[in-house]
Amino acid sequence: MKDLVTALSLGAEAILRSDEGCLDIAKETEEVAREELVNIDDEKTIFEALSTFWDGLAQSFDPSQAAYNDRKGWASEDSRIQLALALGKLERNLIAALQPFQNRAEQHEVSIRRSIFNITTFVRIEDHKFFTLRSVLAQLLCNLISPSPSQSGADRMADKYLRVYLSGRREDDVIIRLLDSRDPKTNHATLHLLNNMVKDNEARLKLLLSEPGIRWLSKILNRMDEWVEIHDGLFELGASIFNSIIDLSLHPQLFDLLGTTSEVITPSQTVLLKILDSHLSSSPLSSPSPSPHSFLIPLFHNLARYTIISINSGQDDPRLPKVFEGLILVCEGLSAIGLSVQARKDSKEVIDDDLGGDEAMVKVMKSGKDGGEGVVKPSIELLRSLDTFFPRINPRIQSTSSATITPISEELKPFSNLKRNIVQLLGVLTFDDTSVGDQVRECEGVQLILGMTEIDDNNPYLREHALFCVRNLMLNNPENQAIITQMNPVGVLSPENGEILPVPEKMRKKP
């Protein structure tokens, strides 16, 4: 072991110039056990020797110094890659969760960062020859910077190097380069590094909400749909960063920062809404005041307004599918909050005069004042436009009708479920609240929702949500009940097969 340390200390440059020396050291270092190195008397010696190697390797991988490297007589690139791999694995395992070793290895963090920069430059980012080395160096960087649990001063390097990587200097921002890699192992190590740096630390999470941290987060969000299909933990690692942001109520700020003036809703904002939707569904809601989720209400207004204008224009709109997707997610989020508030009321956790953040938010959602932020009126207006845009398909009626319905495109067909989400939201808001039922009636929405109790092949579950909403609209509301009594039934739905049968004599209105 001491011979190896001596070789590392004294023969670094000679080894770097020799293909055989590179391969010999690579082989020997890979066989060294972590337990043996921990017992070395002079740990400082090996880290100083490793620094010499990392300095030389970083320089040798610099593509702009290729001619100089040739003159200096470096070993072949493949040999240097093998040497860097061996040293990277050795040090990665040596320093993991050992703060004293992390502190000693810090002296060559700059060279490791420079090596990552050099092997991700130009076409090298797509060169499979560098994939394994890139992932090992990312793992090494992760083990070097990640705070060691329950150790005094463990956060020092995480604080320091997060600021370095966020400095805006191109050569220092290795995070965006590692995220650009198409190698899952590299992405995995990078997400681990980010998670370890920001976990349970509000100050560092807030640092991510500045440039270039926003570009990192946008890059991660834009790859989440790809990662969810891989099933190797990448999606979960990425989501955990954003769940930490949501836990600290920083997601409204992040959502705004991810937006652009040229798009109604950006792809990264849509993915953030997906993560928020999952978070709201799986986590018990707290009620900080004001509610951190209140940004969903103006977002609903903006998306609904855009949708109505676009549909009424009669023009093809390539943005509409993304707007529909955003609306579905916003409706699901608002419904989840409404259901959570109702559950707390049912369990007597809150009373009407004890309004927390989410309770106050639901009160705003139900508001019917002119110029207010309530969602009932825009929901009915949006539902009316969508009912024309996504016509109902009832096979029992269509088979006896000569009318033809213009089919919607395959791209838009999945979004017909938006009608169901809006009716579901209205069902939540109208529950045990006649004032909301009055708003629906004033917007002429009672008849619209009644019409949605028919079978619709484009919306398999719309009918059930519409029936629940109708029940809430009629309960303890004579004015809404009067609307039904004034309607002339055209038939009775058969309970056996769903066919429309003639109205029984006793149900027919007398002239």
# chains A, B, ... in the order shown; residues from 1 in each chain; ligands from 1
call {"tool": "select_by_dssp", "arguments": {"residues": "segment 168-198 of chain A", "states": "helix (DSSP H, G or I)", "output": "compact mmCIF listing (two decimals) with N, CA and C atoms, in the first residue's frame"}}
result
# COMPACT_ATOMS: atom_id res chain seq x y z
N VAL A 174 -21.14 23.02 -14.17
CA VAL A 174 -21.08 21.64 -14.65
C VAL A 174 -22.43 20.94 -14.50
N ILE A 175 -23.31 21.48 -13.68
CA ILE A 175 -24.61 20.84 -13.44
C ILE A 175 -25.43 20.79 -14.72
N ILE A 176 -25.50 21.89 -15.45
CA ILE A 176 -26.31 21.91 -16.67
C ILE A 176 -25.72 20.96 -17.70
N ARG A 177 -24.39 20.80 -17.70
CA ARG A 177 -23.74 19.88 -18.65
C ARG A 177 -24.06 18.44 -18.29
N LEU A 178 -24.03 18.13 -17.01
CA LEU A 178 -24.34 16.76 -16.57
C LEU A 178 -25.81 16.43 -16.84
N LEU A 179 -26.69 17.42 -16.69
CA LEU A 179 -28.11 17.19 -16.98
C LEU A 179 -28.35 17.05 -18.47
N ASP A 180 -27.48 17.66 -19.29
CA ASP A 180 -27.60 17.54 -20.75
C ASP A 180 -27.22 16.14 -21.24
N PRO A 184 -28.17 7.75 -18.40
CA PRO A 184 -28.98 7.71 -17.18
C PRO A 184 -28.16 7.70 -15.90
N LYS A 185 -26.99 7.01 -15.90
CA LYS A 185 -26.18 6.95 -14.68
C LYS A 185 -25.63 8.33 -14.32
N THR A 186 -25.26 9.10 -15.34
CA THR A 186 -24.80 10.47 -15.08
C THR A 186 -25.92 11.31 -14.52
N ASN A 187 -27.11 11.21 -15.14
CA ASN A 187 -28.28 11.95 -14.65
C ASN A 187 -28.62 11.55 -13.22
N HIS A 188 -28.51 10.25 -12.94
CA HIS A 188 -28.82 9.73 -11.61
C HIS A 188 -27.91 10.36 -10.56
N ALA A 189 -26.61 10.38 -10.83
CA ALA A 189 -25.65 10.96 -9.88
C ALA A 189 -25.87 12.45 -9.71
N THR A 190 -26.21 13.14 -10.80
CA THR A 190 -26.43 14.58 -10.73
C THR A 190 -27.64 14.92 -9.90
N LEU A 191 -28.73 14.16 -10.08
CA LEU A 191 -29.94 14.39 -9.28
C LEU A 191 -29.69 14.08 -7.81
N HIS A 192 -28.89 13.04 -7.54
CA HIS A 192 -28.51 12.74 -6.15
C HIS A 192 -27.75 13.92 -5.56
N LEU A 193 -26.82 14.49 -6.33
CA LEU A 193 -26.04 15.62 -5.85
C LEU A 193 -26.95 16.80 -5.50
N LEU A 194 -27.86 17.15 -6.39
CA LEU A 194 -28.77 18.27 -6.14
C LEU A 194 -29.66 18.00 -4.94
N ASN A 195 -30.19 16.78 -4.86
CA ASN A 195 -31.04 16.42 -3.72
C ASN A 195 -30.28 16.56 -2.41
N ASN A 196 -29.05 16.05 -2.38
CA ASN A 196 -28.27 16.09 -1.15
C ASN A 196 -27.91 17.51 -0.74
N MET A 197 -27.71 18.39 -1.73
CA MET A 197 -27.33 19.76 -1.41
C MET A 197 -28.50 20.58 -0.87
N VAL A 198 -29.72 20.34 -1.37
CA VAL A 198 -30.84 21.21 -1.00
C VAL A 198 -31.80 20.58 0.01
call {"tool": "residues_around", "arguments": {"residues": "Ser335 of chain A", "least_positions_apart": "2", "cutoff": "8 Å", "atoms": "only C-alpha atoms", "output": "list of chain:residue names"}}
result
A:Cys331, A:Glu332, A:Gly333, A:Ile337, A:Gly338, A:Leu339, A:Gln424, A:Leu425, A:Val428
call {"tool": "residues_around", "arguments": {"residues": "Glu77 of chain A", "least_positions_apart": "5", "cutoff": "9 Å", "atoms": "only C-alpha atoms", "output": "PDB file with N, CA, C and O atoms, in the first residue's frame"}}
result
ATOM      1  N   SER A  60      -5.049  17.245 -19.728  1.00  0.00           N
ATOM      2  CA  SER A  60      -4.913  16.356 -20.880  1.00  0.00           C
ATOM      3  C   SER A  60      -6.226  16.173 -21.637  1.00  0.00           C
ATOM      4  O   SER A  60      -6.224  15.846 -22.820  1.00  0.00           O
ATOM      5  N   PHE A  61      -7.369  16.375 -20.953  1.00  0.00           N
ATOM      6  CA  PHE A  61      -8.669  16.218 -21.609  1.00  0.00           C
ATOM      7  C   PHE A  61      -9.152  17.504 -22.280  1.00  0.00           C
ATOM      8  O   PHE A  61     -10.188  17.503 -22.938  1.00  0.00           O
ATOM      9  N   GLN A  82      -9.116   5.366 -18.861  1.00  0.00           N
ATOM     10  CA  GLN A  82      -9.072   4.237 -17.929  1.00  0.00           C
ATOM     11  C   GLN A  82      -8.451   4.655 -16.589  1.00  0.00           C
ATOM     12  O   GLN A  82      -8.914   4.239 -15.520  1.00  0.00           O
TER      13      GLN A  82
END
call {"tool": "closest_residue", "arguments": {"among": "A:Asn302, A:Thr434, A:Ser291, A:Asn312", "to": "Ile246 of chain A", "atoms": "only C-alpha atoms"}}
result
A:Ser291
call {"tool": "atom_distance", "arguments": {"atom1": "atom CA of Ala360 of chain A", "atom2": "atom CA of Pro290 of chain A"}}
result
7.9 Å
call {"tool": "residues_around", "arguments": {"residues": "Phe47 of chain A", "least_positions_apart": "6", "cutoff": "9 Å", "atoms": "only C-alpha atoms", "output": "list of chain:residue names"}}
result
A:Glu91, A:Phe101, A:Arg104, A:Ala105, A:Gln107, A:His108
call {"tool": "residues_around", "arguments": {"residues": "segment 253-263 of chain A", "least_positions_apart": "5", "cutoff": "9 Å", "atoms": "only C-alpha atoms", "output": "ChimeraX atom specification"}}
result
/A:209-210,214-215,217-218,245,268-269,272-273,319
call {"tool": "closest_residue", "arguments": {"among": "A:Ser435, A:Asn417, A:Gln481, A:Thr388", "to": "Leu462 of chain A", "atoms": "only C-alpha atoms"}}
result
A:Asn417
call {"tool": "residues_around", "arguments": {"residues": "segment 53-55 of chain A", "least_positions_apart": "2", "cutoff": "6 Å", "atoms": "only C-alpha atoms", "output": "mmCIF file with N, CA, C and O atoms, in the first residue's frame"}}
result
data_model
loop_
_atom_site.group_PDB
_atom_site.id
_atom_site.type_symbol
_atom_site.label_atom_id
_atom_site.label_comp_id
_atom_site.auth_asym_id
_atom_site.auth_seq_id
_atom_site.Cartn_x
_atom_site.Cartn_y
_atom_site.Cartn_z
ATOM 1 N N ALA A 12 3.467 10.727 -10.930
ATOM 2 C CA ALA A 12 2.213 11.056 -11.600
ATOM 3 C C ALA A 12 2.416 11.407 -13.062
ATOM 4 O O ALA A 12 1.759 10.862 -13.954
ATOM 5 N N LEU A 50 -3.267 12.420 -5.443
ATOM 6 C CA LEU A 50 -4.432 12.395 -6.324
ATOM 7 C C LEU A 50 -4.650 13.758 -6.964
ATOM 8 O O LEU A 50 -5.057 13.850 -8.131
ATOM 9 N N SER A 51 -4.378 14.828 -6.240
ATOM 10 C CA SER A 51 -4.511 16.168 -6.811
ATOM 11 C C SER A 51 -3.599 16.348 -8.010
ATOM 12 O O SER A 51 -3.976 16.948 -9.021
ATOM 13 N N LEU A 57 -4.807 15.190 -15.545
ATOM 14 C CA LEU A 57 -5.901 14.637 -16.349
ATOM 15 C C LEU A 57 -6.806 15.734 -16.883
ATOM 16 O O LEU A 57 -7.232 15.702 -18.037
ATOM 17 N N ALA A 58 -7.115 16.714 -16.037
ATOM 18 C CA ALA A 58 -7.961 17.820 -16.493
ATOM 19 C C ALA A 58 -7.326 18.539 -17.678
ATOM 20 O O ALA A 58 -7.987 18.869 -18.666
ATOM 21 N N SER A 111 -10.129 20.682 -10.235
ATOM 22 C CA SER A 111 -9.653 19.841 -11.340
ATOM 23 C C SER A 111 -10.717 18.838 -11.774
ATOM 24 O O SER A 111 -10.850 18.546 -12.968
#
call {"tool": "atom_distance", "arguments": {"atom1": "atom CA of Asp78 of chain A", "atom2": "atom CA of Val110 of chain A"}}
result
22.6 Å
call {"tool": "residues_around", "arguments": {"residues": "Arg156 of chain A", "least_positions_apart": "4", "cutoff": "10 Å", "atoms": "only C-alpha atoms", "output": "ChimeraX atom specification"}}
result
/A:103,145-147,152,160-161
